[in-house]
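What follows is the content of work.cif, which has mmCIF, C-alpha atoms:
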data_data
loop_
_atom_site.group_PDB
_atom_site.id
_atom_site.type_symbol
_atom_site.label_atom_id
_atom_site.label_comp_id
_atom_site.auth_asym_id
_atom_site.auth_seq_id
_atom_site.Cartn_x
_atom_site.Cartn_y
_atom_site.Cartn_z
ATOM 1 C CA PRO R 1 -12.242 16.229 -12.296
ATOM 2 C CA TYR R 2 -13.496 19.319 -10.542
ATOM 3 C CA GLN R 3 -10.729 19.336 -7.910
ATOM 4 C CA LEU R 4 -8.083 20.090 -10.580
ATOM 5 C CA SER R 5 -10.304 22.135 -12.910
ATOM 6 C CA ARG R 6 -9.385 25.684 -13.889
ATOM 7 C CA GLU R 7 -12.698 26.911 -12.489
ATOM 8 C CA ASN R 8 -12.059 25.414 -9.075
ATOM 9 C CA LEU R 9 -8.424 26.499 -8.949
ATOM 10 C CA GLU R 10 -9.332 30.048 -10.004
ATOM 11 C CA ALA R 11 -12.029 30.239 -7.318
ATOM 12 C CA GLN R 12 -9.635 28.901 -4.664
ATOM 13 C CA LEU R 13 -6.911 31.416 -5.578
ATOM 14 C CA GLU R 14 -9.401 34.293 -5.600
ATOM 15 C CA ASP R 15 -10.841 33.264 -2.236
ATOM 16 C CA ALA R 16 -7.368 32.976 -0.704
ATOM 17 C CA MET R 17 -6.283 36.401 -1.981
ATOM 18 C CA ASN R 18 -9.556 38.011 -0.847
ATOM 19 C CA ASN R 19 -9.359 36.380 2.594
ATOM 20 C CA LEU R 20 -5.742 37.503 3.018
ATOM 21 C CA GLY R 21 -6.249 40.926 1.436
ATOM 22 C CA VAL R 22 -3.357 40.455 -1.021
ATOM 23 C CA ASP R 23 -2.885 40.692 -4.793
ATOM 24 C CA CYS R 24 -0.332 37.879 -5.004
ATOM 25 C CA LEU R 25 0.068 34.597 -3.156
ATOM 26 C CA ASP R 26 3.514 33.359 -2.172
ATOM 27 C CA ALA R 27 2.446 29.731 -2.606
ATOM 28 C CA ALA R 28 -0.608 27.592 -3.224
ATOM 29 C CA TYR R 29 -0.894 23.855 -2.631
ATOM 30 C CA LEU R 30 -2.934 21.231 -4.432
ATOM 31 C CA HIS R 31 -4.103 19.163 -1.487
ATOM 32 C CA ASN R 32 -4.530 15.351 -1.610
ATOM 33 C CA SER R 33 -5.607 15.202 -5.240
ATOM 34 C CA CYS R 34 -3.540 12.086 -5.896
ATOM 35 C CA GLU R 35 -5.009 9.972 -3.104
ATOM 36 C CA HIS R 36 -8.456 10.278 -4.617
ATOM 37 C CA LEU R 37 -7.910 10.674 -8.327
ATOM 38 C CA VAL R 38 -5.148 8.176 -9.181
ATOM 39 C CA VAL R 39 -7.374 5.372 -7.987
ATOM 40 C CA ALA R 40 -10.411 6.721 -9.847
ATOM 41 C CA LEU R 41 -8.720 7.768 -13.091
ATOM 42 C CA GLY R 42 -5.527 5.748 -13.312
ATOM 43 C CA ARG R 43 -2.011 7.165 -13.038
ATOM 44 C CA GLU R 44 -1.609 8.269 -16.665
ATOM 45 C CA ARG R 45 -4.891 10.146 -16.830
ATOM 46 C CA TYR R 46 -4.278 11.714 -13.411
ATOM 47 C CA MET R 47 -0.912 13.044 -14.626
ATOM 48 C CA GLU R 48 -2.649 14.627 -17.640
ATOM 49 C CA TYR R 49 -5.052 16.459 -15.330
ATOM 50 C CA LEU R 50 -2.207 17.443 -13.006
ATOM 51 C CA THR R 51 -0.211 18.871 -15.925
ATOM 52 C CA ASP R 52 -3.256 20.917 -16.973
ATOM 53 C CA ALA R 53 -3.606 22.209 -13.407
ATOM 54 C CA PHE R 54 0.085 23.133 -13.431
ATOM 55 C CA ARG R 55 -0.452 24.997 -16.738
ATOM 56 C CA PHE R 56 -3.153 27.049 -15.082
ATOM 57 C CA LEU R 57 -0.890 27.782 -12.101
ATOM 58 C CA GLU R 58 1.981 28.729 -14.430
ATOM 59 C CA GLU R 59 -0.338 31.169 -16.208
ATOM 60 C CA ARG R 60 -1.147 32.763 -12.851
ATOM 61 C CA ARG R 61 2.577 32.960 -12.066
ATOM 62 C CA ASN R 62 3.143 34.772 -15.369
ATOM 63 C CA GLU R 63 0.349 37.201 -14.455
ATOM 64 C CA GLY R 64 2.003 37.926 -11.095
ATOM 65 C CA VAL R 65 -0.847 36.451 -9.044
ATOM 66 C CA LEU R 66 1.135 33.501 -7.695
ATOM 67 C CA GLN R 67 4.833 32.997 -6.998
ATOM 68 C CA TYR R 68 5.052 29.214 -6.475
ATOM 69 C CA TYR R 69 2.901 26.139 -6.012
ATOM 70 C CA GLY R 70 3.190 22.767 -4.374
ATOM 71 C CA LEU R 71 1.601 19.416 -3.678
ATOM 72 C CA SER R 72 0.296 18.435 -0.282
ATOM 73 C CA THR R 73 -0.231 14.714 0.176
ATOM 74 C CA THR R 74 -1.050 12.491 3.077
ATOM 75 C CA THR R 75 0.315 9.295 1.578
ATOM 76 C CA SER R 76 1.206 9.481 -2.107
ATOM 77 C CA PHE R 77 4.892 10.409 -1.842
ATOM 78 C CA CYS R 78 5.431 7.925 1.007
ATOM 79 C CA THR R 79 3.710 4.936 -0.537
ATOM 80 C CA ARG R 80 5.521 2.016 -2.096
ATOM 81 C CA PRO R 81 5.348 2.273 -5.887
ATOM 82 C CA PRO R 82 3.213 -0.231 -7.756
ATOM 83 C CA PRO R 83 5.030 -3.392 -8.810
ATOM 84 C CA VAL R 84 6.757 -3.486 -12.160
ATOM 85 C CA ARG R 85 6.216 -6.358 -14.573
ATOM 86 C CA GLY R 86 7.612 -9.595 -13.168
ATOM 87 C CA GLU R 87 8.127 -8.299 -9.622
ATOM 88 C CA ILE R 88 6.780 -10.593 -6.908
ATOM 89 C CA ARG R 89 4.991 -8.923 -4.008
ATOM 90 C CA PRO R 90 2.569 -10.186 -1.397
ATOM 91 C CA THR R 91 -1.036 -10.243 -2.540
ATOM 92 C CA PRO R 92 -2.940 -7.280 -1.064
ATOM 93 C CA ARG R 93 -5.298 -8.240 1.728
ATOM 94 C CA ALA R 94 -9.005 -7.584 1.463
ATOM 95 C CA GLY R 95 -9.609 -4.035 2.611
ATOM 96 C CA ASP R 96 -6.081 -2.797 1.772
ATOM 97 C CA PRO R 97 -6.309 0.679 0.225
ATOM 98 C CA PRO R 98 -5.485 0.954 -3.474
ATOM 99 C CA VAL R 99 -2.003 2.247 -4.276
ATOM 100 C CA ALA R 100 -2.021 5.996 -4.912
ATOM 101 C CA TYR R 101 1.723 6.352 -5.474
ATOM 102 C CA LEU R 102 3.075 9.601 -6.886
ATOM 103 C CA SER R 103 6.527 10.022 -8.421
ATOM 104 C CA LEU R 104 8.040 13.396 -7.570
ATOM 105 C CA GLN R 105 10.208 13.256 -10.685
ATOM 106 C CA ASP R 106 7.071 12.783 -12.819
ATOM 107 C CA CYS R 107 5.470 15.758 -11.072
ATOM 108 C CA VAL R 108 8.507 17.938 -11.737
ATOM 109 C CA LYS R 109 8.493 16.853 -15.399
ATOM 110 C CA ALA R 110 4.805 17.814 -15.582
ATOM 111 C CA ALA R 111 5.616 21.227 -14.075
ATOM 112 C CA GLN R 112 8.468 21.720 -16.556
ATOM 113 C CA GLU R 113 6.134 20.864 -19.422
ATOM 114 C CA ALA R 114 3.503 23.251 -18.065
ATOM 115 C CA ALA R 115 6.048 26.058 -17.726
ATOM 116 C CA GLY R 116 7.432 25.443 -21.192
ATOM 117 C CA SER R 117 11.011 25.326 -19.947
ATOM 118 C CA GLY R 118 13.217 23.391 -17.540
ATOM 119 C CA GLU R 119 14.002 25.006 -14.219
ATOM 120 C CA SER R 120 11.656 27.993 -14.453
ATOM 121 C CA HIS R 121 8.636 25.997 -13.238
ATOM 122 C CA GLY R 122 6.853 26.947 -10.034
ATOM 123 C CA LEU R 123 6.556 23.518 -8.390
ATOM 124 C CA ARG R 124 8.817 24.230 -5.433
ATOM 125 C CA PHE R 125 7.090 22.697 -2.411
ATOM 126 C CA ILE R 126 5.722 19.395 -1.199
ATOM 127 C CA ARG R 127 4.070 18.671 2.136
ATOM 128 C CA LEU R 128 3.942 15.172 3.561
ATOM 129 C CA PRO R 129 3.656 13.398 6.894
ATOM 130 C CA PHE R 130 6.711 12.682 8.996
ATOM 131 C CA THR R 131 6.034 11.550 12.545
ATOM 132 C CA ALA R 132 7.303 9.020 15.055
ATOM 133 C CA TRP R 133 5.094 6.382 13.424
ATOM 134 C CA GLN R 134 5.219 7.699 9.823
ATOM 135 C CA THR R 135 8.927 7.617 9.015
ATOM 136 C CA GLN R 136 8.761 6.461 5.380
ATOM 137 C CA ALA R 137 9.782 9.894 4.060
ATOM 138 C CA ALA R 138 13.240 9.404 5.558
ATOM 139 C CA THR R 139 13.566 5.632 5.628
ATOM 140 C CA GLU R 140 12.001 4.129 2.503
ATOM 141 C CA MET R 141 13.674 4.489 -0.892
ATOM 142 C CA TRP R 142 10.451 4.564 -2.884
ATOM 143 C CA GLN R 143 11.214 7.514 -5.174
ATOM 144 C CA GLN R 144 13.255 7.168 -8.334
ATOM 145 C CA VAL R 145 15.209 10.073 -9.803
ATOM 146 C CA ASP R 146 17.245 9.553 -12.953
ATOM 147 C CA GLY R 147 17.272 5.800 -12.351
ATOM 148 C CA ASP R 148 18.406 5.943 -8.707
ATOM 149 C CA TRP R 149 16.086 4.931 -5.852
ATOM 150 C CA MET R 150 16.015 7.260 -2.823
ATOM 151 C CA THR R 151 13.813 8.630 -0.057
ATOM 152 C CA ILE R 152 11.306 11.361 -0.842
ATOM 153 C CA PHE R 153 13.428 13.817 1.172
ATOM 154 C CA ASP R 154 16.476 12.992 -0.970
ATOM 155 C CA ALA R 155 14.426 13.100 -4.175
ATOM 156 C CA ALA R 156 13.048 16.517 -3.246
ATOM 157 C CA ALA R 157 16.553 17.854 -2.591
ATOM 158 C CA LYS R 158 17.852 16.468 -5.887
ATOM 159 C CA LEU R 159 14.894 17.922 -7.806
ATOM 160 C CA ARG R 160 15.140 21.320 -6.039
ATOM 161 C CA VAL R 161 11.774 21.019 -4.351
ATOM 162 C CA HIS R 162 11.407 21.992 -0.695
ATOM 163 C CA ALA R 163 9.856 19.277 1.457
ATOM 164 C CA TYR R 164 7.800 20.236 4.500
ATOM 165 C CA ALA R 165 6.625 17.725 7.040
ATOM 166 C CA THR R 166 3.358 17.515 8.883
ATOM 167 C CA VAL R 167 4.018 16.314 12.393
#

Starting from the coordinates I provided, produce the structure as structure tokens.
Amino acid sequence: PYQLSRENLEAQLEDAMNNLGVDCLDAAYLHNSCEHLVVALGRERYMEYLTDAFRFLEERRNEGVLQYYGLSTTTSFCTRPPPVRGEIRPTPRAGDPPVAYLSLQDCVKAAQEAAGSGESHGLRFIRLPFTAWQTQAATEMWQQVDGDWMTIFDAAAKLRVHAYATV
């Protein structure tokens, strides 16, 4: 998909550096790719594209053009994960949006793979909503890290990723 293609990412980084008049960006975010692409491609294929995008961003880090990168999502980190085999859940109502759940641990693993080593990856930031009516980031244990269920804020802390809220 174009949104995660090297051509698009390269153009976006170049535009940002030109607009800011800098040779290196502190951080760049992939914005809302999961909400659109997981539903269209399926989770496994989306993760393949995301890993390729991370490889591109890691290359730019190695060139000194980018220090870190992150994921910005409106819903994907604060959405209930899809049911596992045998789990009973209410049937979705007509018009319910498809589940575009994103596991932060899977994203970190993709970044580690892209970087070629464990902790040296550049995925260090996530941005997600946290408001008076969108409290899931702090209240719902929908992220799993090493077999333990926790909130996205706790998962981010455990995985050494900084979480920033949109209010």

Given the file shown, enumerate the residues that the PyMOL selection byres ((chain R and resi 144-154) around 12) captures and present them as an mmCIF file with C-alpha atoms, keeping the file's coordinate frame.
data_model
loop_
_atom_site.group_PDB
_atom_site.id
_atom_site.type_symbol
_atom_site.label_atom_id
_atom_site.label_comp_id
_atom_site.auth_asym_id
_atom_site.auth_seq_id
_atom_site.Cartn_x
_atom_site.Cartn_y
_atom_site.Cartn_z
ATOM 1 C CA THR R 75 0.315 9.295 1.578
ATOM 2 C CA SER R 76 1.206 9.481 -2.107
ATOM 3 C CA PHE R 77 4.892 10.409 -1.842
ATOM 4 C CA CYS R 78 5.431 7.925 1.007
ATOM 5 C CA THR R 79 3.710 4.936 -0.537
ATOM 6 C CA ARG R 80 5.521 2.016 -2.096
ATOM 7 C CA PRO R 81 5.348 2.273 -5.887
ATOM 8 C CA TYR R 101 1.723 6.352 -5.474
ATOM 9 C CA LEU R 102 3.075 9.601 -6.886
ATOM 10 C CA SER R 103 6.527 10.022 -8.421
ATOM 11 C CA LEU R 104 8.040 13.396 -7.570
ATOM 12 C CA GLN R 105 10.208 13.256 -10.685
ATOM 13 C CA ASP R 106 7.071 12.783 -12.819
ATOM 14 C CA CYS R 107 5.470 15.758 -11.072
ATOM 15 C CA VAL R 108 8.507 17.938 -11.737
ATOM 16 C CA LYS R 109 8.493 16.853 -15.399
ATOM 17 C CA PHE R 125 7.090 22.697 -2.411
ATOM 18 C CA ILE R 126 5.722 19.395 -1.199
ATOM 19 C CA ARG R 127 4.070 18.671 2.136
ATOM 20 C CA LEU R 128 3.942 15.172 3.561
ATOM 21 C CA PRO R 129 3.656 13.398 6.894
ATOM 22 C CA PHE R 130 6.711 12.682 8.996
ATOM 23 C CA THR R 135 8.927 7.617 9.015
ATOM 24 C CA GLN R 136 8.761 6.461 5.380
ATOM 25 C CA ALA R 137 9.782 9.894 4.060
ATOM 26 C CA ALA R 138 13.240 9.404 5.558
ATOM 27 C CA THR R 139 13.566 5.632 5.628
ATOM 28 C CA GLU R 140 12.001 4.129 2.503
ATOM 29 C CA MET R 141 13.674 4.489 -0.892
ATOM 30 C CA TRP R 142 10.451 4.564 -2.884
ATOM 31 C CA GLN R 143 11.214 7.514 -5.174
ATOM 32 C CA ALA R 155 14.426 13.100 -4.175
ATOM 33 C CA ALA R 156 13.048 16.517 -3.246
ATOM 34 C CA ALA R 157 16.553 17.854 -2.591
ATOM 35 C CA LYS R 158 17.852 16.468 -5.887
ATOM 36 C CA LEU R 159 14.894 17.922 -7.806
ATOM 37 C CA ARG R 160 15.140 21.320 -6.039
ATOM 38 C CA VAL R 161 11.774 21.019 -4.351
ATOM 39 C CA HIS R 162 11.407 21.992 -0.695
ATOM 40 C CA ALA R 163 9.856 19.277 1.457
ATOM 41 C CA TYR R 164 7.800 20.236 4.500
ATOM 42 C CA ALA R 165 6.625 17.725 7.040
#

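Residue membership of the PyMOL selection byres ((chain R and resi 21-33) around 7) in the shown file amounts to R:Met17, R:Asn18, R:Asn19, R:Leu20, R:Cys34, R:Glu35, R:His36, R:Leu37, R:Gly64, R:Val65, R:Leu66, R:Gln67, R:Tyr68, R:Tyr69, R:Gly70, R:Leu71, R:Ser72, R:Thr73, R:Thr74.
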
Export, as a PDB file, keeping the file's coordinate frame, the selected residues with C-alpha atoms.
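Saved to out.pdb:
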ATOM      1  CA  MET R  17      -6.283  36.401  -1.981  1.00  0.00           C
ATOM      2  CA  ASN R  18      -9.556  38.011  -0.847  1.00  0.00           C
ATOM      3  CA  ASN R  19      -9.359  36.380   2.594  1.00  0.00           C
ATOM      4  CA  LEU R  20      -5.742  37.503   3.018  1.00  0.00           C
ATOM      5  CA  CYS R  34      -3.540  12.086  -5.896  1.00  0.00           C
ATOM      6  CA  GLU R  35      -5.009   9.972  -3.104  1.00  0.00           C
ATOM      7  CA  HIS R  36      -8.456  10.278  -4.617  1.00  0.00           C
ATOM      8  CA  LEU R  37      -7.910  10.674  -8.327  1.00  0.00           C
ATOM      9  CA  GLY R  64       2.003  37.926 -11.095  1.00  0.00           C
ATOM     10  CA  VAL R  65      -0.847  36.451  -9.044  1.00  0.00           C
ATOM     11  CA  LEU R  66       1.135  33.501  -7.695  1.00  0.00           C
ATOM     12  CA  GLN R  67       4.833  32.997  -6.998  1.00  0.00           C
ATOM     13  CA  TYR R  68       5.052  29.214  -6.475  1.00  0.00           C
ATOM     14  CA  TYR R  69       2.901  26.139  -6.012  1.00  0.00           C
ATOM     15  CA  GLY R  70       3.190  22.767  -4.374  1.00  0.00           C
ATOM     16  CA  LEU R  71       1.601  19.416  -3.678  1.00  0.00           C
ATOM     17  CA  SER R  72       0.296  18.435  -0.282  1.00  0.00           C
ATOM     18  CA  THR R  73      -0.231  14.714   0.176  1.00  0.00           C
ATOM     19  CA  THR R  74      -1.050  12.491   3.077  1.00  0.00           C
TER      20      THR R  74
END

(request) Provide the CA of Arg55 (chain R) to CA of Ala114 (chain R) distance in Å, to one decimal place. (result) 4.5 Å

(request) To one decimal in Å, tell me the separation between CA of Ala110 (chain R) and CA of Arg6 (chain R). (result)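 Between these atoms lies a distance of 16.3 Å.
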
(message) Can you tell me which residues surround Asn8 (chain R) at a distance of at most 12 Å, considering all atoms listed in the file, apart from same-chain residues fewer than 6 positions away, and format the answer as a list in words?
(response)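 Contacts, in chain order: Pro1, Tyr2, Glu14, Asp15, Leu30, Ala53, Phe56 and Leu57 of chain R.
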
Those same residues, written as a short mmCIF file (atom, residue, chain, number, x, y, z; two decimals), in the frame of the given file with C-alpha atoms?
data_model
loop_
_atom_site.label_atom_id
_atom_site.label_comp_id
_atom_site.auth_asym_id
_atom_site.auth_seq_id
_atom_site.Cartn_x
_atom_site.Cartn_y
_atom_site.Cartn_z
CA PRO R 1 -12.24 16.23 -12.30
CA TYR R 2 -13.50 19.32 -10.54
CA GLU R 14 -9.40 34.29 -5.60
CA ASP R 15 -10.84 33.26 -2.24
CA LEU R 30 -2.93 21.23 -4.43
CA ALA R 53 -3.61 22.21 -13.41
CA PHE R 56 -3.15 27.05 -15.08
CA LEU R 57 -0.89 27.78 -12.10
#

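With only C-alpha atoms as the atoms that count, the minimum distance from Tyr49 (chain R) to the choices R:Leu4, R:Val167, R:Ala111, R:His121 is reached by R:Leu4.
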
(message) Please report the interatomic distance between CA of Leu9 (chain R) and CA of Gln112 (chain R) in Å with one decimal.
(response)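 That distance, rounded to one decimal, is 19.1 Å.
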
As JSON, please report the centre and edge lengths, rounded to one decimal in Å, of the axis-aligned box that holds all listed atoms of region 127-136 of chain R with 8 Å of padding on each of the six sides.
{"center_x": 6.3, "center_y": 12.5, "center_z": 8.6, "size_x": 21.3, "size_y": 28.3, "size_z": 28.9}

(request) Between R:Thr166, R:Ser5, R:Asn62, R:Gln134, single out the one closest to Ala115 (chain R), counting all atoms listed in the file. (result)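 With all atoms listed in the file as the atom set, the closest residue is R:Asn62.
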
(message) Between R:Glu58, R:Tyr46, R:Glu113, R:Ala132, which residue has the minimum interatomic distance to Gln3 (chain R), considering all atoms listed in the file?
(response) R:Tyr46

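If only C-alpha atoms are the atoms counted, then among R:Arg60, R:Ala100, R:Arg124, R:Leu13 the closest residue to Glu44 (chain R) is R:Ala100.
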
Generate the coordinates of N, CA and C atoms for region 16-47 of chain R; report them as a PDB file, in the coordinates of the input.
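File part.pdb, as written:
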ATOM      1  N   ALA R  16      -8.547  32.822  -1.568  1.00  0.00           N
ATOM      2  CA  ALA R  16      -7.368  32.976  -0.704  1.00  0.00           C
ATOM      3  C   ALA R  16      -6.865  34.414  -0.724  1.00  0.00           C
ATOM      4  N   MET R  17      -6.768  35.016  -1.906  1.00  0.00           N
ATOM      5  CA  MET R  17      -6.283  36.401  -1.981  1.00  0.00           C
ATOM      6  C   MET R  17      -7.254  37.358  -1.298  1.00  0.00           C
ATOM      7  N   ASN R  18      -8.560  37.153  -1.499  1.00  0.00           N
ATOM      8  CA  ASN R  18      -9.556  38.011  -0.847  1.00  0.00           C
ATOM      9  C   ASN R  18      -9.501  37.857   0.670  1.00  0.00           C
ATOM     10  N   ASN R  19      -9.417  36.623   1.147  1.00  0.00           N
ATOM     11  CA  ASN R  19      -9.359  36.380   2.594  1.00  0.00           C
ATOM     12  C   ASN R  19      -8.113  36.976   3.227  1.00  0.00           C
ATOM     13  N   LEU R  20      -7.003  36.966   2.491  1.00  0.00           N
ATOM     14  CA  LEU R  20      -5.742  37.503   3.018  1.00  0.00           C
ATOM     15  C   LEU R  20      -5.556  38.987   2.702  1.00  0.00           C
ATOM     16  N   GLY R  21      -6.368  39.524   1.816  1.00  0.00           N
ATOM     17  CA  GLY R  21      -6.249  40.926   1.436  1.00  0.00           C
ATOM     18  C   GLY R  21      -4.968  41.211   0.658  1.00  0.00           C
ATOM     19  N   VAL R  22      -4.586  40.293  -0.238  1.00  0.00           N
ATOM     20  CA  VAL R  22      -3.357  40.455  -1.021  1.00  0.00           C
ATOM     21  C   VAL R  22      -3.671  40.320  -2.510  1.00  0.00           C
ATOM     22  N   ASP R  23      -2.747  40.798  -3.341  1.00  0.00           N
ATOM     23  CA  ASP R  23      -2.885  40.692  -4.793  1.00  0.00           C
ATOM     24  C   ASP R  23      -2.062  39.552  -5.375  1.00  0.00           C
ATOM     25  N   CYS R  24      -1.197  38.963  -4.544  1.00  0.00           N
ATOM     26  CA  CYS R  24      -0.332  37.879  -5.004  1.00  0.00           C
ATOM     27  C   CYS R  24      -0.107  36.904  -3.852  1.00  0.00           C
ATOM     28  N   LEU R  25      -0.197  35.630  -4.158  1.00  0.00           N
ATOM     29  CA  LEU R  25       0.068  34.597  -3.156  1.00  0.00           C
ATOM     30  C   LEU R  25       1.510  34.107  -3.280  1.00  0.00           C
ATOM     31  N   ASP R  26       2.160  33.914  -2.152  1.00  0.00           N
ATOM     32  CA  ASP R  26       3.514  33.359  -2.172  1.00  0.00           C
ATOM     33  C   ASP R  26       3.504  31.920  -2.668  1.00  0.00           C
ATOM     34  N   ALA R  27       2.528  31.142  -2.212  1.00  0.00           N
ATOM     35  CA  ALA R  27       2.446  29.731  -2.606  1.00  0.00           C
ATOM     36  C   ALA R  27       1.013  29.247  -2.477  1.00  0.00           C
ATOM     37  N   ALA R  28       0.686  28.267  -3.302  1.00  0.00           N
ATOM     38  CA  ALA R  28      -0.608  27.592  -3.224  1.00  0.00           C
ATOM     39  C   ALA R  28      -0.348  26.097  -3.373  1.00  0.00           C
ATOM     40  N   TYR R  29      -1.060  25.306  -2.603  1.00  0.00           N
ATOM     41  CA  TYR R  29      -0.894  23.855  -2.631  1.00  0.00           C
ATOM     42  C   TYR R  29      -2.121  23.181  -3.234  1.00  0.00           C
ATOM     43  N   LEU R  30      -1.879  22.148  -4.032  1.00  0.00           N
ATOM     44  CA  LEU R  30      -2.934  21.231  -4.432  1.00  0.00           C
ATOM     45  C   LEU R  30      -2.944  20.151  -3.360  1.00  0.00           C
ATOM     46  N   HIS R  31      -4.058  20.016  -2.676  1.00  0.00           N
ATOM     47  CA  HIS R  31      -4.103  19.163  -1.487  1.00  0.00           C
ATOM     48  C   HIS R  31      -4.778  17.822  -1.760  1.00  0.00           C
ATOM     49  N   ASN R  32      -4.032  16.732  -1.557  1.00  0.00           N
ATOM     50  CA  ASN R  32      -4.530  15.351  -1.610  1.00  0.00           C
ATOM     51  C   ASN R  32      -5.273  14.982  -2.884  1.00  0.00           C
ATOM     52  N   SER R  33      -4.918  15.580  -3.997  1.00  0.00           N
ATOM     53  CA  SER R  33      -5.607  15.202  -5.240  1.00  0.00           C
ATOM     54  C   SER R  33      -5.224  13.793  -5.671  1.00  0.00           C
ATOM     55  N   CYS R  34      -3.997  13.397  -5.433  1.00  0.00           N
ATOM     56  CA  CYS R  34      -3.540  12.086  -5.896  1.00  0.00           C
ATOM     57  C   CYS R  34      -4.258  10.957  -5.174  1.00  0.00           C
ATOM     58  N   GLU R  35      -4.396  11.054  -3.884  1.00  0.00           N
ATOM     59  CA  GLU R  35      -5.009   9.972  -3.104  1.00  0.00           C
ATOM     60  C   GLU R  35      -6.370   9.579  -3.655  1.00  0.00           C
ATOM     61  N   HIS R  36      -7.106  10.543  -4.146  1.00  0.00           N
ATOM     62  CA  HIS R  36      -8.456  10.278  -4.617  1.00  0.00           C
ATOM     63  C   HIS R  36      -8.498   9.988  -6.115  1.00  0.00           C
ATOM     64  N   LEU R  37      -7.737  10.724  -6.882  1.00  0.00           N
ATOM     65  CA  LEU R  37      -7.910  10.674  -8.327  1.00  0.00           C
ATOM     66  C   LEU R  37      -7.095   9.604  -9.039  1.00  0.00           C
ATOM     67  N   VAL R  38      -5.919   9.241  -8.522  1.00  0.00           N
ATOM     68  CA  VAL R  38      -5.148   8.176  -9.181  1.00  0.00           C
ATOM     69  C   VAL R  38      -5.946   6.884  -9.185  1.00  0.00           C
ATOM     70  N   VAL R  39      -6.588   6.601  -8.090  1.00  0.00           N
ATOM     71  CA  VAL R  39      -7.374   5.372  -7.987  1.00  0.00           C
ATOM     72  C   VAL R  39      -8.573   5.435  -8.932  1.00  0.00           C
ATOM     73  N   ALA R  40      -9.215   6.588  -9.017  1.00  0.00           N
ATOM     74  CA  ALA R  40     -10.411   6.721  -9.847  1.00  0.00           C
ATOM     75  C   ALA R  40     -10.089   6.797 -11.342  1.00  0.00           C
ATOM     76  N   LEU R  41      -9.012   7.495 -11.684  1.00  0.00           N
ATOM     77  CA  LEU R  41      -8.720   7.768 -13.091  1.00  0.00           C
ATOM     78  C   LEU R  41      -7.614   6.907 -13.685  1.00  0.00           C
ATOM     79  N   GLY R  42      -6.749   6.396 -12.834  1.00  0.00           N
ATOM     80  CA  GLY R  42      -5.527   5.748 -13.312  1.00  0.00           C
ATOM     81  C   GLY R  42      -4.397   6.774 -13.318  1.00  0.00           C
ATOM     82  N   ARG R  43      -3.179   6.283 -13.181  1.00  0.00           N
ATOM     83  CA  ARG R  43      -2.011   7.165 -13.038  1.00  0.00           C
ATOM     84  C   ARG R  43      -1.789   8.066 -14.258  1.00  0.00           C
ATOM     85  N   GLU R  44      -1.887   7.492 -15.453  1.00  0.00           N
ATOM     86  CA  GLU R  44      -1.609   8.269 -16.665  1.00  0.00           C
ATOM     87  C   GLU R  44      -2.607   9.409 -16.845  1.00  0.00           C
ATOM     88  N   ARG R  45      -3.865   9.099 -16.671  1.00  0.00           N
ATOM     89  CA  ARG R  45      -4.891  10.146 -16.830  1.00  0.00           C
ATOM     90  C   ARG R  45      -4.776  11.200 -15.722  1.00  0.00           C
ATOM     91  N   TYR R  46      -4.477  10.759 -14.508  1.00  0.00           N
ATOM     92  CA  TYR R  46      -4.278  11.714 -13.411  1.00  0.00           C
ATOM     93  C   TYR R  46      -3.156  12.689 -13.763  1.00  0.00           C
ATOM     94  N   MET R  47      -2.046  12.180 -14.293  1.00  0.00           N
ATOM     95  CA  MET R  47      -0.912  13.044 -14.626  1.00  0.00           C
ATOM     96  C   MET R  47      -1.287  14.053 -15.715  1.00  0.00           C
TER      97      MET R  47
END
